[in-house]
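K.L.:
Provided herewith: protein-v5.pdb, PDB, C-alpha atoms, pLDDT in the B column.
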ATOM      1  CA  MET A   6     -53.449  34.995 -97.559  1.00 68.00           C
ATOM      2  CA  PHE A   7     -52.084  33.277 -94.467  1.00 80.00           C
ATOM      3  CA  LEU A   8     -53.028  29.711 -93.572  1.00 81.00           C
ATOM      4  CA  TYR A   9     -52.326  28.047 -90.237  1.00 90.00           C
ATOM      5  CA  ASP A  10     -53.578  24.686 -89.032  1.00 89.00           C
ATOM      6  CA  PHE A  11     -52.351  21.981 -86.689  1.00 93.00           C
ATOM      7  CA  THR A  12     -53.042  18.520 -85.381  1.00 93.00           C
ATOM      8  CA  ILE A  13     -51.738  16.332 -82.580  1.00 97.00           C
ATOM      9  CA  VAL A  14     -50.148  13.084 -83.772  1.00 95.00           C
ATOM     10  CA  GLU A  15     -50.045  10.118 -81.418  1.00 96.00           C
ATOM     11  CA  ALA A  16     -46.382   9.290 -82.115  1.00 96.00           C
ATOM     12  CA  ARG A  17     -42.978  10.415 -80.876  1.00 94.00           C
ATOM     13  CA  VAL A  18     -41.663  13.614 -82.442  1.00 93.00           C
ATOM     14  CA  ASP A  19     -38.540  11.962 -83.868  1.00 91.00           C
ATOM     15  CA  LEU A  20     -40.634   9.320 -85.644  1.00 93.00           C
ATOM     16  CA  VAL A  21     -42.983  11.934 -87.136  1.00 93.00           C
ATOM     17  CA  ALA A  22     -40.042  14.065 -88.293  1.00 92.00           C
ATOM     18  CA  GLU A  23     -38.345  11.097 -89.954  1.00 91.00           C
ATOM     19  CA  ARG A  24     -41.549   9.977 -91.674  1.00 92.00           C
ATOM     20  CA  LEU A  25     -42.139  13.470 -93.064  1.00 91.00           C
ATOM     21  CA  ARG A  26     -38.517  13.846 -94.119  1.00 88.00           C
ATOM     22  CA  ALA A  27     -38.741  10.592 -96.060  1.00 90.00           C
ATOM     23  CA  GLY A  28     -42.243  10.887 -97.513  1.00 91.00           C
ATOM     24  CA  ALA A  29     -43.773  14.372 -97.226  1.00 88.00           C
ATOM     25  CA  PRO A  30     -44.615  14.761-100.937  1.00 88.00           C
ATOM     26  CA  SER A  31     -46.680  11.566-101.088  1.00 89.00           C
ATOM     27  CA  ILE A  32     -48.246  12.177 -97.643  1.00 87.00           C
ATOM     28  CA  LEU A  33     -49.346  15.702 -98.627  1.00 82.00           C
ATOM     29  CA  ARG A  34     -50.716  14.583-102.016  1.00 81.00           C
ATOM     30  CA  ALA A  35     -52.737  11.820-100.320  1.00 83.00           C
ATOM     31  CA  ALA A  36     -54.176  14.315 -97.806  1.00 78.00           C
ATOM     32  CA  VAL A  37     -55.417  16.583-100.618  1.00 74.00           C
ATOM     33  CA  MET A  38     -57.038  13.699-102.465  1.00 77.00           C
ATOM     34  CA  GLN A  39     -58.656  12.344 -99.269  1.00 80.00           C
ATOM     35  CA  ALA A  40     -60.123  15.815 -98.616  1.00 74.00           C
ATOM     36  CA  GLY A  41     -61.719  15.847-102.075  1.00 74.00           C
ATOM     37  CA  GLY A  42     -59.154  17.904-104.004  1.00 71.00           C
ATOM     38  CA  SER A  43     -58.160  17.178-107.561  1.00 73.00           C
ATOM     39  CA  ASP A  44     -55.042  15.172-108.443  1.00 74.00           C
ATOM     40  CA  PRO A  45     -52.260  17.505-107.268  1.00 74.00           C
ATOM     41  CA  SER A  46     -48.728  17.842-108.511  1.00 78.00           C
ATOM     42  CA  PRO A  47     -46.090  16.704-105.994  1.00 80.00           C
ATOM     43  CA  PRO A  48     -44.875  19.474-103.679  1.00 84.00           C
ATOM     44  CA  GLU A  49     -41.249  20.526-103.444  1.00 89.00           C
ATOM     45  CA  VAL A  50     -40.030  19.790 -99.921  1.00 91.00           C
ATOM     46  CA  GLY A  51     -36.803  21.249 -98.554  1.00 93.00           C
ATOM     47  CA  SER A  52     -34.450  19.832 -95.972  1.00 93.00           C
ATOM     48  CA  LEU A  53     -35.581  19.143 -92.422  1.00 92.00           C
ATOM     49  CA  ARG A  54     -33.958  21.743 -90.175  1.00 93.00           C
ATOM     50  CA  PRO A  55     -33.861  22.136 -86.390  1.00 93.00           C
ATOM     51  CA  ARG A  56     -36.129  24.715 -84.753  1.00 88.00           C
ATOM     52  CA  ALA A  57     -36.436  25.322 -80.991  1.00 86.00           C
ATOM     53  CA  ASP A  58     -37.299  21.881 -79.592  1.00 86.00           C
ATOM     54  CA  GLY A  59     -38.432  20.382 -82.907  1.00 91.00           C
ATOM     55  CA  TRP A  60     -37.958  20.706 -86.660  1.00 95.00           C
ATOM     56  CA  ALA A  61     -39.281  22.664 -89.650  1.00 95.00           C
ATOM     57  CA  LEU A  62     -39.768  21.354 -93.177  1.00 93.00           C
ATOM     58  CA  PRO A  63     -40.150  23.988 -95.948  1.00 95.00           C
ATOM     59  CA  VAL A  64     -42.781  23.284 -98.603  1.00 91.00           C
ATOM     60  CA  HIS A  65     -43.416  24.933-101.994  1.00 89.00           C
ATOM     61  CA  TRP A  66     -46.437  23.661-103.899  1.00 81.00           C
ATOM     62  CA  ASP A  67     -47.716  24.890-107.267  1.00 79.00           C
ATOM     63  CA  GLN A  68     -50.988  23.369-108.448  1.00 69.00           C
ATOM     64  CA  SER A  69     -51.631  21.796-105.071  1.00 62.00           C
ATOM     65  CA  GLY A  70     -55.018  20.443-106.112  1.00 64.00           C
ATOM     66  CA  TRP A  71     -56.893  22.633-103.633  1.00 62.00           C
ATOM     67  CA  PRO A  72     -59.462  24.957-105.156  1.00 59.00           C
ATOM     68  CA  ALA A  73     -58.542  28.670-105.214  1.00 57.00           C
ATOM     69  CA  PRO A  74     -57.233  30.487-103.221  1.00 59.00           C
ATOM     70  CA  PHE A  75     -54.955  27.591-102.288  1.00 64.00           C
ATOM     71  CA  ALA A  76     -53.753  26.733-105.782  1.00 69.00           C
ATOM     72  CA  ARG A  77     -50.218  27.589-104.603  1.00 76.00           C
ATOM     73  CA  LEU A  78     -48.735  27.161-101.136  1.00 79.00           C
ATOM     74  CA  ASP A  79     -45.420  28.426 -99.790  1.00 90.00           C
ATOM     75  CA  GLY A  80     -44.734  27.662 -96.169  1.00 92.00           C
ATOM     76  CA  GLU A  81     -43.511  25.047 -93.764  1.00 93.00           C
ATOM     77  CA  LEU A  82     -44.522  22.154 -91.613  1.00 93.00           C
ATOM     78  CA  GLU A  83     -43.422  22.489 -87.995  1.00 95.00           C
ATOM     79  CA  ILE A  84     -42.904  19.367 -85.913  1.00 96.00           C
ATOM     80  CA  ALA A  85     -42.641  19.752 -82.129  1.00 96.00           C
ATOM     81  CA  PRO A  86     -43.049  17.531 -79.053  1.00 95.00           C
ATOM     82  CA  VAL A  87     -46.197  17.959 -76.964  1.00 95.00           C
ATOM     83  CA  GLY A  88     -45.294  15.576 -74.167  1.00 86.00           C
ATOM     84  CA  GLY A  89     -45.054  11.861 -73.814  1.00 84.00           C
ATOM     85  CA  ASP A  90     -45.346  10.157 -77.167  1.00 93.00           C
ATOM     86  CA  ARG A  91     -47.315  12.914 -78.894  1.00 97.00           C
ATOM     87  CA  THR A  92     -46.301  15.440 -81.553  1.00 96.00           C
ATOM     88  CA  HIS A  93     -47.697  18.857 -82.489  1.00 96.00           C
ATOM     89  CA  LEU A  94     -47.694  19.067 -86.306  1.00 94.00           C
ATOM     90  CA  SER A  95     -48.580  22.432 -87.813  1.00 94.00           C
ATOM     91  CA  VAL A  96     -48.573  24.087 -91.205  1.00 89.00           C
ATOM     92  CA  SER A  97     -48.003  27.801 -91.801  1.00 91.00           C
ATOM     93  CA  ALA A  98     -48.347  28.881 -95.413  1.00 86.00           C
TER      94      ALA A  98
END
Can I see the file as structure tokens?
P.N.:
Amino acid sequence: MFLYDFTIVEARVDLVAERLRAGAPSILRAAVMQAGGSDPSPPEVGSLRPRADGWALPVHWDQSGWPAPFARLDGELEIAPVGGDRTHLSVSA
């Protein structure tokens, strides 16, 4: 199954990238719990790497806390500028 979603973050792309690089596991776990999922295991997050005009952050997550079919996610977060001080943050898994 393929999952894609995105949001616009009201912050500069470099700040969003740095925040995710430093704290993606705890940010992702908090998002699952806020959405009503069970207590998830922490995801494995790879190194932030450049992509086009932004960055990509690989994520592998067993027992993500989401109900099936999202019990396991393999994918990446993509961080790209939208213009001004806004960032396009997407997940492809």
K.L.:
Closest to Gly59 in chain A among A:Asp10, A:Asp90, A:Glu23, A:Glu83, using only C-alpha atoms?
P.N.:
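Of A:Asp10, A:Asp90, A:Glu23, A:Glu83, the one nearest Gly59 in chain A, counting only C-alpha atoms, is A:Glu83.
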K.L.:
Go through A:Ala36, A:Ala22, A:Ser31, A:Pro45 one by one, measure the shortest atom-to-atom distance of each to Thr92 in chain A using all atoms listed in the file, and give the residue with the smallest value.
P.N.:
A:Ala22
K.L.:
Just the residues within 12 Å of Thr12 in chain A, please, counting only C-alpha atoms, with nothing from its chain fewer than 2 positions along; format it as a list in words.
P.N.:
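The contact residues come out as Tyr9, Asp10, Val14, Glu15, Ala16, Leu82, Glu83, Ile84, Ala85, Pro86, Val87, Arg91, Thr92, His93, Leu94, Ser95 and Val96 of chain A.
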K.L.:
Put a box with edges along x, y and z around all the listed atoms of range 30-43 of chain A, pad it by 5 Å on each side, then give me its centre and sizes in Å, one decimal, as AutoDock Vina command-line options.
P.N.:
--center_x -53.2 --center_y 14.7 --center_z -102.6 --size_x 27.1 --size_y 16.3 --size_z 19.9
K.L.:
Return as a short mmCIF file (atom, residue, chain, number, x, y, z; two decimals) with C-alpha atoms, in the frame of the given file the set of residues that the PyMOL selection byres ((chain A and resi 52) around 12) yields on the displayed structure.
P.N.:
data_model
loop_
_atom_site.label_atom_id
_atom_site.label_comp_id
_atom_site.auth_asym_id
_atom_site.auth_seq_id
_atom_site.Cartn_x
_atom_site.Cartn_y
_atom_site.Cartn_z
CA ALA A 22 -40.04 14.06 -88.29
CA GLU A 23 -38.34 11.10 -89.95
CA LEU A 25 -42.14 13.47 -93.06
CA ARG A 26 -38.52 13.85 -94.12
CA ALA A 27 -38.74 10.59 -96.06
CA GLY A 28 -42.24 10.89 -97.51
CA ALA A 29 -43.77 14.37 -97.23
CA GLU A 49 -41.25 20.53 -103.44
CA VAL A 50 -40.03 19.79 -99.92
CA GLY A 51 -36.80 21.25 -98.55
CA LEU A 53 -35.58 19.14 -92.42
CA ARG A 54 -33.96 21.74 -90.18
CA PRO A 55 -33.86 22.14 -86.39
CA TRP A 60 -37.96 20.71 -86.66
CA ALA A 61 -39.28 22.66 -89.65
CA LEU A 62 -39.77 21.35 -93.18
CA PRO A 63 -40.15 23.99 -95.95
CA VAL A 64 -42.78 23.28 -98.60
CA HIS A 65 -43.42 24.93 -101.99
CA GLU A 81 -43.51 25.05 -93.76
CA LEU A 82 -44.52 22.15 -91.61
#
K.L.:
Nearest to Arg34 in chain A: which of A:Pro48, A:Ser97, A:Val21, A:Leu78 is it, counting all atoms listed in the file?
P.N.:
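Comparing A:Pro48, A:Ser97, A:Val21, A:Leu78 against Arg34 in chain A, the winner is A:Pro48.
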K.L.:
Just the number, please: distance in Å from CA of Arg17 in chain A to CA of Asp58 in chain A, one decimal.
P.N.:
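Straight-line distance from CA of Arg17 in chain A to CA of Asp58 in chain A works out to 12.9 Å.
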K.L.:
Kindly give the distance, in Å, that separates CA of Asp67 in chain A and CA of Arg24 in chain A, rounded to a single decimal.
P.N.:
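Spanning CA of Asp67 in chain A to CA of Arg24 in chain A is a straight-line distance of 22.4 Å.
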K.L.:
Between A:Ala57, A:Ser43, A:Ala98, A:Gly89, which residue has the minimum interatomic distance to Ile13 in chain A, considering all atoms listed in the file?
P.N.:
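Looking only at the distances to Ile13 in chain A, the closest residue turns out to be A:Gly89.
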K.L.:
With distances taken over all atoms listed in the file, which of A:Gly88, A:Gly80, A:Pro47, A:Pro30 is nearest to Phe7 in chain A?
P.N.:
A:Gly80
K.L.:
In Å to one decimal, how far is CA of Trp66 in chain A from CA of Met38 in chain A?
P.N.:
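Result for CA of Met38 in chain A versus CA of Trp66 in chain A: 14.6 Å, one decimal.
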